[in-house]
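For reference, input_4.tsv is printed below; it contains TSV, C-alpha atoms.
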chain	number	residue	atom	x	y	z
A	27	MET	CA	124.31	77.04	130.97
A	28	THR	CA	123.35	79.93	128.71
A	29	ASP	CA	120.71	82.43	129.77
A	30	THR	CA	118.32	80.97	127.18
A	31	ASN	CA	118.83	77.41	128.39
A	32	GLN	CA	118.40	78.50	131.99
A	33	ALA	CA	115.16	80.30	131.14
A	34	ASN	CA	113.84	77.25	129.28
A	35	SER	CA	114.79	74.95	132.14
A	36	SER	CA	113.17	77.26	134.67
A	37	GLU	CA	109.98	77.35	132.61
A	38	ARG	CA	109.86	73.55	132.35
A	39	LEU	CA	110.40	73.14	136.09
A	40	ALA	CA	107.79	75.76	136.92
A	41	THR	CA	105.27	73.93	134.71
A	42	MET	CA	106.01	70.69	136.55
A	43	ILE	CA	105.72	72.28	139.99
A	44	ASN	CA	102.48	74.07	139.14
A	45	GLY	CA	100.86	70.93	137.76
A	46	TYR	CA	98.80	70.69	140.96
A	47	GLN	CA	96.84	73.75	139.83
A	48	ALA	CA	95.48	72.15	136.66
A	49	GLY	CA	94.72	68.95	138.56
A	50	ALA	CA	92.75	70.86	141.19
A	51	LEU	CA	90.81	72.79	138.55
A	52	LEU	CA	89.83	69.60	136.71
A	53	TYR	CA	88.94	67.79	139.94
A	54	THR	CA	86.69	70.64	141.08
A	55	ALA	CA	85.04	70.91	137.67
A	56	VAL	CA	84.20	67.20	137.70
A	57	LYS	CA	82.98	67.21	141.31
A	58	LEU	CA	80.63	70.10	140.46
A	59	ASP	CA	79.56	68.24	137.30
A	60	LEU	CA	80.44	71.31	135.25
A	61	PRO	CA	81.25	69.46	131.99
A	62	ASP	CA	77.69	68.12	131.71
A	63	ARG	CA	76.24	71.50	132.73
A	64	LEU	CA	78.27	73.26	130.02
A	65	LEU	CA	77.01	71.18	127.11
A	66	VAL	CA	74.97	74.22	126.08
A	67	PRO	CA	76.09	77.83	126.53
A	68	VAL	CA	75.33	79.06	130.03
A	69	THR	CA	76.13	82.23	131.95
A	70	ALA	CA	78.15	82.18	135.11
A	71	THR	CA	75.22	83.85	136.87
A	72	ASP	CA	72.72	81.14	135.91
A	73	LEU	CA	75.18	78.38	136.71
A	74	ALA	CA	76.05	79.93	140.08
A	75	HIS	CA	72.38	80.13	141.03
A	76	GLU	CA	71.82	76.53	139.98
A	77	LEU	CA	74.73	75.29	142.08
A	78	ASP	CA	74.40	77.77	144.95
A	79	LEU	CA	77.84	79.25	144.26
A	80	ARG	CA	79.17	82.80	144.25
A	81	VAL	CA	78.86	84.37	140.80
A	82	SER	CA	82.13	86.28	140.79
A	83	GLU	CA	84.22	83.34	141.99
A	84	LEU	CA	82.56	80.94	139.54
A	85	GLU	CA	83.15	83.28	136.60
A	86	ARG	CA	86.84	83.43	137.51
A	87	PHE	CA	86.91	79.63	137.81
A	88	LEU	CA	85.33	79.20	134.36
A	89	HIS	CA	87.82	81.70	132.94
A	90	ALA	CA	90.66	79.50	134.28
A	91	LEU	CA	89.03	76.36	132.82
A	92	ALA	CA	88.89	78.11	129.46
A	93	GLY	CA	92.65	78.53	129.75
A	94	LEU	CA	92.88	74.73	129.93
A	95	ASP	CA	90.64	74.35	126.85
A	96	ILE	CA	87.88	72.70	128.91
A	97	CYS	CA	85.36	75.38	127.95
A	98	VAL	CA	85.32	78.49	125.80
A	99	GLN	CA	83.82	81.92	126.37
A	100	THR	CA	81.23	82.68	123.70
A	101	ALA	CA	79.84	85.95	125.12
A	102	PRO	CA	80.39	88.06	128.24
A	103	GLU	CA	80.30	85.62	131.24
A	104	THR	CA	78.94	82.86	128.95
A	105	TYR	CA	80.75	79.56	128.51
A	106	VAL	CA	80.27	76.28	126.65
A	107	LEU	CA	82.17	72.97	126.70
A	108	THR	CA	84.98	72.32	124.19
A	109	ASP	CA	85.85	69.06	122.45
A	110	THR	CA	88.54	68.53	125.08
A	111	GLY	CA	86.06	69.15	127.86
A	112	GLN	CA	83.72	66.51	126.43
A	113	LEU	CA	86.22	63.86	127.55
A	114	LEU	CA	85.09	64.69	131.10
A	115	LEU	CA	81.39	64.05	130.51
A	116	ARG	CA	79.67	61.42	132.65
A	117	GLU	CA	78.82	59.33	129.58
A	118	SER	CA	82.23	59.72	127.92
A	119	ASP	CA	84.12	56.54	127.06
A	120	SER	CA	87.28	58.24	128.27
A	121	PRO	CA	88.54	57.28	131.76
A	122	LEU	CA	89.83	60.81	132.38
A	123	ARG	CA	86.81	61.99	134.40
A	124	GLU	CA	87.32	59.19	136.90
A	125	GLN	CA	91.09	59.68	136.81
A	126	ALA	CA	90.73	63.35	137.74
A	127	VAL	CA	88.89	62.34	140.91
A	128	LEU	CA	91.15	59.39	141.73
A	129	ALA	CA	94.21	61.62	141.42
A	130	VAL	CA	93.02	63.86	144.26
A	131	GLU	CA	90.98	61.53	146.46
A	132	GLN	CA	93.18	58.42	146.35
A	133	TYR	CA	96.58	59.24	144.90
A	134	TRP	CA	97.71	62.71	145.92
A	135	SER	CA	98.41	61.89	149.57
A	136	SER	CA	100.26	58.73	148.49
A	137	TRP	CA	102.56	60.64	146.17
A	138	THR	CA	103.30	63.37	148.71
A	139	ALA	CA	104.42	60.60	151.10
A	140	LEU	CA	107.05	59.25	148.67
A	141	SER	CA	109.84	60.07	151.10
A	142	HIS	CA	108.15	57.72	153.59
A	143	SER	CA	108.20	54.97	150.96
A	144	LEU	CA	111.87	55.59	150.24
A	145	VAL	CA	112.77	55.31	153.92
A	146	THR	CA	110.50	52.45	155.01
A	147	GLY	CA	109.39	50.58	151.87
A	148	GLN	CA	105.78	51.07	153.00
A	149	THR	CA	103.34	52.58	150.51
A	150	GLY	CA	102.42	56.22	150.88
A	151	PHE	CA	98.80	55.09	150.60
A	152	GLN	CA	99.02	52.97	153.73
A	153	HIS	CA	100.93	55.69	155.53
A	154	ALA	CA	98.17	58.19	154.71
A	155	THR	CA	95.12	55.98	155.30
A	156	GLY	CA	96.27	53.24	157.67
A	157	VAL	CA	95.24	50.45	155.26
A	158	ASP	CA	96.30	49.23	151.83
A	159	ALA	CA	94.52	50.43	148.68
A	160	TRP	CA	92.48	47.25	148.26
A	161	GLU	CA	91.16	47.31	151.85
A	162	TYR	CA	90.37	51.01	151.51
A	163	ARG	CA	88.33	50.49	148.34
A	164	ARG	CA	86.52	47.53	149.88
A	165	ASP	CA	85.65	49.51	153.02
A	166	HIS	CA	84.69	52.65	151.05
A	167	PRO	CA	82.39	51.31	148.32
A	168	GLU	CA	82.04	54.63	146.52
A	169	GLN	CA	85.83	54.83	146.17
A	170	GLY	CA	85.98	51.20	145.07
A	171	ALA	CA	83.30	51.81	142.44
A	172	LEU	CA	85.19	54.90	141.22
A	173	PHE	CA	88.35	52.85	140.74
A	174	GLN	CA	86.52	50.01	138.99
A	175	ASP	CA	84.73	52.45	136.68
A	176	TRP	CA	88.06	54.02	135.74
A	177	LEU	CA	89.63	50.60	135.18
A	178	ALA	CA	86.71	49.44	133.01
A	179	LYS	CA	87.00	52.50	130.76
A	180	GLU	CA	90.79	52.30	130.62
A	181	THR	CA	90.64	48.66	129.56
A	182	ARG	CA	87.81	49.24	127.07
A	183	ALA	CA	89.94	51.89	125.35
A	184	ILE	CA	92.78	49.45	124.65
A	185	ALA	CA	90.88	46.13	124.46
A	186	ALA	CA	90.69	46.06	120.65
A	187	ASP	CA	94.47	46.56	120.36
A	188	ILE	CA	95.09	43.69	122.76
A	189	ILE	CA	92.55	41.37	121.09
A	190	ALA	CA	94.22	42.06	117.74
A	191	CYS	CA	97.40	40.47	119.13
A	192	LEU	CA	95.64	37.27	120.24
A	193	ASP	CA	94.61	34.18	118.31
A	194	LEU	CA	91.63	32.84	120.25
A	195	SER	CA	90.07	30.89	117.39
A	196	ASP	CA	90.73	27.53	119.04
A	197	VAL	CA	89.94	28.62	122.62
A	198	THR	CA	86.57	27.67	124.13
A	199	THR	CA	87.14	28.44	127.84
A	200	ALA	CA	89.05	31.30	129.48
A	201	VAL	CA	89.43	32.81	132.95
A	202	ASP	CA	90.03	36.55	133.33
A	203	ILE	CA	91.77	36.82	136.71
A	204	ALA	CA	91.17	40.09	138.56
A	205	ALA	CA	88.74	40.94	135.78
A	206	GLY	CA	87.76	44.30	137.24
A	207	GLY	CA	85.08	45.91	135.11
A	208	GLY	CA	85.02	42.96	132.71
A	209	THR	CA	85.60	45.03	129.57
A	210	LEU	CA	88.47	42.89	128.27
A	211	ALA	CA	86.35	39.76	128.70
A	212	ALA	CA	83.44	41.52	126.95
A	213	ALA	CA	85.67	42.31	123.96
A	214	MET	CA	86.81	38.70	123.81
A	215	LEU	CA	83.22	37.43	123.91
A	216	ALA	CA	82.16	39.85	121.18
A	217	THR	CA	84.80	38.66	118.73
A	218	ASN	CA	84.87	34.94	119.57
A	219	PRO	CA	81.41	33.33	119.50
A	220	GLN	CA	82.80	29.94	120.53
A	221	LEU	CA	84.28	31.33	123.75
A	222	THR	CA	83.02	31.15	127.34
A	223	VAL	CA	84.77	33.41	129.86
A	224	THR	CA	84.81	33.25	133.66
A	225	LEU	CA	85.29	36.63	135.32
A	226	PHE	CA	87.17	36.13	138.58
A	227	ASP	CA	87.73	38.85	141.18
A	228	LEU	CA	87.04	39.74	144.79
A	229	PRO	CA	83.36	39.19	145.65
A	230	HIS	CA	82.52	42.89	146.08
A	231	VAL	CA	84.18	43.67	142.73
A	232	ILE	CA	82.24	40.90	140.97
A	233	GLU	CA	79.02	42.24	142.47
A	234	HIS	CA	79.75	45.73	141.13
A	235	THR	CA	80.76	44.42	137.70
A	236	ARG	CA	77.65	42.25	137.32
A	237	HIS	CA	75.57	45.35	137.92
A	238	GLU	CA	77.56	47.63	135.58
A	239	LEU	CA	78.63	45.38	132.68
A	240	ASP	CA	75.98	45.39	129.96
A	241	LEU	CA	76.35	42.29	127.78
A	242	PRO	CA	74.07	41.35	124.86
A	243	PRO	CA	72.00	38.18	125.48
A	244	GLY	CA	74.21	36.07	123.21
A	245	GLN	CA	77.28	37.04	125.21
A	246	GLU	CA	75.70	37.08	128.66
A	247	SER	CA	75.03	33.33	128.51
A	248	ARG	CA	78.74	32.74	127.81
A	249	CYS	CA	79.93	34.84	130.76
A	250	HIS	CA	80.35	33.26	134.20
A	251	TRP	CA	80.98	35.13	137.43
A	252	THR	CA	83.11	33.84	140.29
A	253	GLY	CA	84.12	35.71	143.44
A	254	GLY	CA	87.27	34.71	145.27
A	255	ASP	CA	90.84	35.62	146.16
A	256	PHE	CA	93.75	34.80	143.86
A	257	PHE	CA	95.99	34.46	146.92
A	258	SER	CA	93.96	31.37	147.82
A	259	ALA	CA	92.99	29.75	144.51
A	260	VAL	CA	91.75	30.51	141.00
A	261	PRO	CA	89.15	28.66	138.90
A	262	GLY	CA	90.53	25.54	137.28
A	263	ASP	CA	90.38	23.57	134.04
A	264	ALA	CA	90.25	26.40	131.50
A	265	GLU	CA	92.24	26.56	128.28
A	266	LEU	CA	93.35	30.18	128.66
A	267	TYR	CA	94.14	32.36	131.69
A	268	LEU	CA	94.58	36.13	131.60
A	269	LEU	CA	96.36	38.46	134.00
A	270	LYS	CA	96.00	42.03	132.71
A	271	SER	CA	97.62	44.75	134.83
A	272	VAL	CA	97.70	42.43	137.82
A	273	LEU	CA	101.31	41.49	138.53
A	274	HIS	CA	102.50	45.11	138.51
A	275	ASP	CA	100.30	45.71	141.57
A	276	TRP	CA	102.39	43.36	143.72
A	277	ASP	CA	105.91	42.68	144.90
A	278	SER	CA	107.74	39.63	143.62
A	279	GLU	CA	106.75	37.38	146.53
A	280	LYS	CA	103.05	38.09	145.97
A	281	CYS	CA	103.45	37.66	142.21
A	282	LEU	CA	104.90	34.20	142.77
A	283	GLU	CA	101.87	33.33	144.91
A	284	ILE	CA	99.46	34.46	142.19
A	285	LEU	CA	101.35	32.67	139.44
A	286	GLY	CA	101.64	29.56	141.60
A	287	HIS	CA	97.87	29.36	142.03
A	288	CYS	CA	97.45	29.85	138.29
A	289	ARG	CA	99.88	27.00	137.61
A	290	THR	CA	98.04	24.72	140.04
A	291	ALA	CA	94.68	25.45	138.41
A	292	MET	CA	95.86	25.11	134.80
A	293	PRO	CA	95.79	21.89	132.77
A	294	GLY	CA	99.10	20.98	131.17
A	295	ASP	CA	98.05	22.24	127.74
A	296	ALA	CA	96.59	25.57	128.93
A	297	ARG	CA	98.09	28.99	128.20
A	298	LEU	CA	98.68	32.02	130.42
A	299	LEU	CA	98.64	35.59	129.07
A	300	VAL	CA	100.36	38.23	131.20
A	301	ILE	CA	99.44	41.67	129.86
A	302	GLU	CA	101.56	44.53	131.22
A	303	ARG	CA	103.52	47.61	130.21
A	304	LEU	CA	107.24	46.88	130.17
A	305	LEU	CA	109.73	49.14	131.90
A	306	SER	CA	112.32	50.58	129.53
A	307	GLU	CA	116.02	50.86	130.28
A	308	ASP	CA	115.77	54.52	129.25
A	309	PRO	CA	113.40	56.57	131.45
A	310	VAL	CA	113.56	59.54	129.08
A	311	SER	CA	112.19	57.53	126.15
A	312	ASP	CA	109.23	56.19	128.16
A	313	THR	CA	108.34	58.54	131.00
A	314	LEU	CA	104.83	57.03	131.27
A	315	VAL	CA	105.99	53.62	132.53
A	316	ALA	CA	108.74	55.16	134.66
A	317	ARG	CA	106.11	57.21	136.48
A	318	LEU	CA	103.73	54.25	136.67
A	319	ASP	CA	106.53	52.41	138.44
A	320	ILE	CA	106.64	55.12	141.10
A	321	HIS	CA	102.83	55.08	141.24
A	322	MET	CA	103.00	51.37	142.08
A	323	MET	CA	105.55	52.14	144.80
A	324	ALA	CA	103.39	54.89	146.29
A	325	VAL	CA	99.93	53.32	146.05
A	326	ASN	CA	100.01	49.52	145.75
A	327	GLY	CA	103.46	48.40	146.79
A	328	GLY	CA	104.05	46.82	143.38
A	329	ARG	CA	106.34	47.77	140.50
A	330	GLU	CA	106.65	47.90	136.75
A	331	ARG	CA	109.12	45.35	135.40
A	332	ARG	CA	111.45	44.63	132.51
A	333	LEU	CA	110.97	41.60	130.28
A	334	VAL	CA	113.79	39.72	131.99
A	335	GLU	CA	112.08	40.19	135.36
A	336	TYR	CA	108.77	38.79	134.11
A	337	ARG	CA	110.61	35.87	132.52
A	338	ASP	CA	112.23	35.14	135.90
A	339	LEU	CA	108.87	35.23	137.73
A	340	LEU	CA	107.38	32.85	135.19
A	341	ASP	CA	110.34	30.48	135.35
A	342	ARG	CA	110.18	30.36	139.14
A	343	SER	CA	106.43	29.60	139.00
A	344	GLY	CA	106.63	26.61	136.67
A	345	PHE	CA	106.06	28.41	133.36
A	346	SER	CA	108.05	28.88	130.18
A	347	LEU	CA	107.75	32.13	128.23
A	348	HIS	CA	106.51	31.09	124.80
A	349	SER	CA	106.05	34.38	122.94
A	350	VAL	CA	106.03	38.17	123.34
A	351	SER	CA	103.70	40.50	121.40
A	352	ASN	CA	103.54	44.29	121.52
A	353	SER	CA	100.19	46.04	121.09
A	354	LYS	CA	99.74	49.50	119.60
A	355	SER	CA	98.45	50.72	122.97
A	356	GLY	CA	101.80	50.15	124.68
A	357	PHE	CA	100.87	46.93	126.45
A	358	THR	CA	102.96	43.80	125.95
A	359	ILE	CA	101.37	40.34	125.91
A	360	LEU	CA	103.54	37.61	127.38
A	361	GLU	CA	102.27	34.15	126.50
A	362	ALA	CA	103.47	31.42	128.86
A	363	VAL	CA	102.86	27.70	129.04
A	364	PRO	CA	103.42	25.19	131.85
A	365	SER	CA	107.01	23.95	131.92

Taking this structure as input, can you express it in the form of structure tokens?
Amino acid sequence: MTDTNQANSSERLATMINGYQAGALLYTAVKLDLPDRLLVPVTATDLAHELDLRVSELERFLHALAGLDICVQTAPETYVLTDTGQLLLRESDSPLREQAVLAVEQYWSSWTALSHSLVTGQTGFQHATGVDAWEYRRDHPEQGALFQDWLAKETRAIAADIIACLDLSDVTTAVDIAAGGGTLAAAMLATNPQLTVTLFDLPHVIEHTRHELDLPPGQESRCHWTGGDFFSAVPGDAELYLLKSVLHDWDSEKCLEILGHCRTAMPGDARLLVIERLLSEDPVSDTLVARLDIHMMAVNGGRERRLVEYRDLLDRSGFSLHSVSNSKSGFTILEAVPS
């Protein structure tokens, strides 16, 4: 290795190792609600008095945020939010504000316990908290709401790309299984006036979504809400069933249970859409999904999968893979029909 290559490699590794610093800065900024407080230029002194913080330390903190392009210094000790920082506003459509908090409060301890997962197969999340992620979010409603708010924004951001891959013109009834924040169902209702959608999820999730999802009157009447557990049963007799970002949360045995309940509920002429990111054979060409795979290992106990693995799960559950469509957002839509 030449001296130049070694220096470049060292710099890349140092950037990776020091990534915790940027994450901590963003987390603290969001927890203090600094993005919304920096919408107009404000001095560190005024902001410190408002938040009961030390002026000197806050000015240094804002200086570091400016280095991340979250704010910019416009005068001595005076800062204002940048375009990048606006992605962290409370009312932003971006899920990054919620993700910054999730990363520290729900994910960090799971990832630092990866060696435990490699030895035992248990998630780092359960090792750190004593329960699985779903129980934790149920028992800590504020953490559950944070996750659902992130999921709703994440899905809203890619819903149009997914809908563009679907032909729903002849569909009148659909079930969105593990609907989360309901934003995919909302996009379907908005573009298909003939469609009625049942949102199905755990009862406490449905309660949160009913409170948060704002549907116009014409769409609200075509949206039904059902609480339940897809490990027991799912609503029956619909023409279309959707599983978006569901199967990757679970190991193969659990996936077969979910798919089996879908098959039992579905009429013979119904369709199932499995919407997931596919794992590439080359981790260098798609680092996002490779890291999501490890995230599933650390947090949920699930995994990202290749197309052949999803085909196998479908085959073993009484389905035939009918078609595969790739959206611009990186999600793949697998359409399956009963065998």

>> Neighbouring residues of Val231 of chain A were defined as those with any atom within 12 Å, considering only C-alpha atoms; residues of the same chain fewer than 5 positions away were excluded. Please report them as JSON, numbers by chain.
In response: {"A": [160, 163, 164, 165, 167, 168, 169, 170, 171, 172, 173, 174, 175, 177, 178, 203, 204, 205, 206, 207, 208, 225, 226, 236, 237, 238, 239, 251, 252, 253, 254, 255]}

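From atom CA of Arg248 of chain A back to atom CA of Cys191 of chain A, the distance works out to 22.0 Å.
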
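Shortest atom-to-atom contact with Ala183 of chain A among A:Thr209, A:Gln112, A:Thr41, A:Ser35: A:Thr209, counting only C-alpha atoms.
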
Hey, can I get the axis-aligned box for segment 133-152 of chain A? All listed atoms, 5 Å padding on each side, centre and edge lengths in Å to one decimal, as lines of an AutoDock Vina configuration file.
center_x = 104.7
center_y = 57.0
center_z = 150.0
size_x = 26.2
size_y = 22.8
size_z = 20.1

> Could you pull the residues within 9 Å of segment 274-288 of chain A, counting all atoms listed in the file, minus those fewer than 6 positions along the same chain, as a PyMOL selection string?
Replying inline: chain A and resi 256-262+267+298+302-303+319+322-323+325-331+339-340+342-345

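When all atoms listed in the file are used to compute distances to Gln132 of chain A, the closest of the residues A:Leu347, A:Ile184, A:Ala291, A:Ala324 turns out to be A:Ala324.
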
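Using all atoms listed in the file, the smallest distance between any of A:Thr30, A:Ser346, A:Ser36, A:Ser136 and Gly156 of chain A comes from A:Ser136.
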
> Once you count only C-alpha atoms, which residues end up no further than 10 Å from (98.0, 61.7, 136.2) in the file's frame, shown as a list in words?
Replying inline: Gly45, Gly49, Leu122, Gln125, Ala126, Leu128, Ala129, Val130, Tyr133, Trp134, Leu314, Arg317, Leu318 and His321 of chain A

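With distances restricted to only C-alpha atoms, A:Val127 is the closest residue to Tyr53 of chain A from A:Val127, A:Val98, A:Leu115, A:Ile359.
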
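Atom CA of Thr224 of chain A is positioned 11.4 Å from atom CA of Glu265 of chain A.
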
>> Please report the interatomic distance between atom CA of Ser353 of chain A and atom CA of Asp187 of chain A in Å with one decimal.
In response: 5.8 Å

>> Residues within 12 Å of Thr54 of chain A, please, as a PyMOL selection string. Count only C-alpha atoms; anything in the same chain fewer than 2 positions from it doesn't count.
In response: chain A and resi 47-52+56-61+84+87-88+90-91+114+123+126-127+129-131

Using C-alpha atoms, can you export the residues from the last selection as a PDB file, in the frame of the given file?
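The resulting file, part_34.pdb, is shown below:
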ATOM      1  CA  GLN A  47      96.840  73.750 139.830  1.00  0.00           C
ATOM      2  CA  ALA A  48      95.480  72.150 136.660  1.00  0.00           C
ATOM      3  CA  GLY A  49      94.720  68.950 138.560  1.00  0.00           C
ATOM      4  CA  ALA A  50      92.750  70.860 141.190  1.00  0.00           C
ATOM      5  CA  LEU A  51      90.810  72.790 138.550  1.00  0.00           C
ATOM      6  CA  LEU A  52      89.830  69.600 136.710  1.00  0.00           C
ATOM      7  CA  VAL A  56      84.200  67.200 137.700  1.00  0.00           C
ATOM      8  CA  LYS A  57      82.980  67.210 141.310  1.00  0.00           C
ATOM      9  CA  LEU A  58      80.630  70.100 140.460  1.00  0.00           C
ATOM     10  CA  ASP A  59      79.560  68.240 137.300  1.00  0.00           C
ATOM     11  CA  LEU A  60      80.440  71.310 135.250  1.00  0.00           C
ATOM     12  CA  PRO A  61      81.250  69.460 131.990  1.00  0.00           C
ATOM     13  CA  LEU A  84      82.560  80.940 139.540  1.00  0.00           C
ATOM     14  CA  PHE A  87      86.910  79.630 137.810  1.00  0.00           C
ATOM     15  CA  LEU A  88      85.330  79.200 134.360  1.00  0.00           C
ATOM     16  CA  ALA A  90      90.660  79.500 134.280  1.00  0.00           C
ATOM     17  CA  LEU A  91      89.030  76.360 132.820  1.00  0.00           C
ATOM     18  CA  LEU A 114      85.090  64.690 131.100  1.00  0.00           C
ATOM     19  CA  ARG A 123      86.810  61.990 134.400  1.00  0.00           C
ATOM     20  CA  ALA A 126      90.730  63.350 137.740  1.00  0.00           C
ATOM     21  CA  VAL A 127      88.890  62.340 140.910  1.00  0.00           C
ATOM     22  CA  ALA A 129      94.210  61.620 141.420  1.00  0.00           C
ATOM     23  CA  VAL A 130      93.020  63.860 144.260  1.00  0.00           C
ATOM     24  CA  GLU A 131      90.980  61.530 146.460  1.00  0.00           C
TER      25      GLU A 131
END

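Using all atoms listed in the file, the smallest distance between any of A:Val106, A:Met42, A:Leu273, A:Leu268 and Pro67 of chain A comes from A:Val106.
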
List every protein, DNA or RNA residue that has at least one atom no more than 9 Å from (97.4, 24.2, 129.3) in the file's coordinates, counting only C-alpha atoms, and write the result as a tab-separated table (two decimals) with C-alpha atoms, keeping the file's coordinate frame.
chain	number	residue	atom	x	y	z
A	263	ASP	CA	90.38	23.57	134.04
A	264	ALA	CA	90.25	26.40	131.50
A	265	GLU	CA	92.24	26.56	128.28
A	266	LEU	CA	93.35	30.18	128.66
A	292	MET	CA	95.86	25.11	134.80
A	293	PRO	CA	95.79	21.89	132.77
A	294	GLY	CA	99.10	20.98	131.17
A	295	ASP	CA	98.05	22.24	127.74
A	296	ALA	CA	96.59	25.57	128.93
A	297	ARG	CA	98.09	28.99	128.20
A	298	LEU	CA	98.68	32.02	130.42
A	363	VAL	CA	102.86	27.70	129.04
A	364	PRO	CA	103.42	25.19	131.85

>> At a cut-off of 12 Å, using only C-alpha atoms, what residues contact Ile188 of chain A? Leave out same-chain residues fewer than 2 positions from it and give the result as a PyMOL selection string.
In response: chain A and resi 181-186+190-194+209-211+213-214+268+270+299-303+351-360

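With all atoms listed in the file as the atoms that count, the residue of A:Glu335, A:Glu76, A:Ile320, A:Pro242 with the shortest distance to Ser143 of chain A is A:Ile320.
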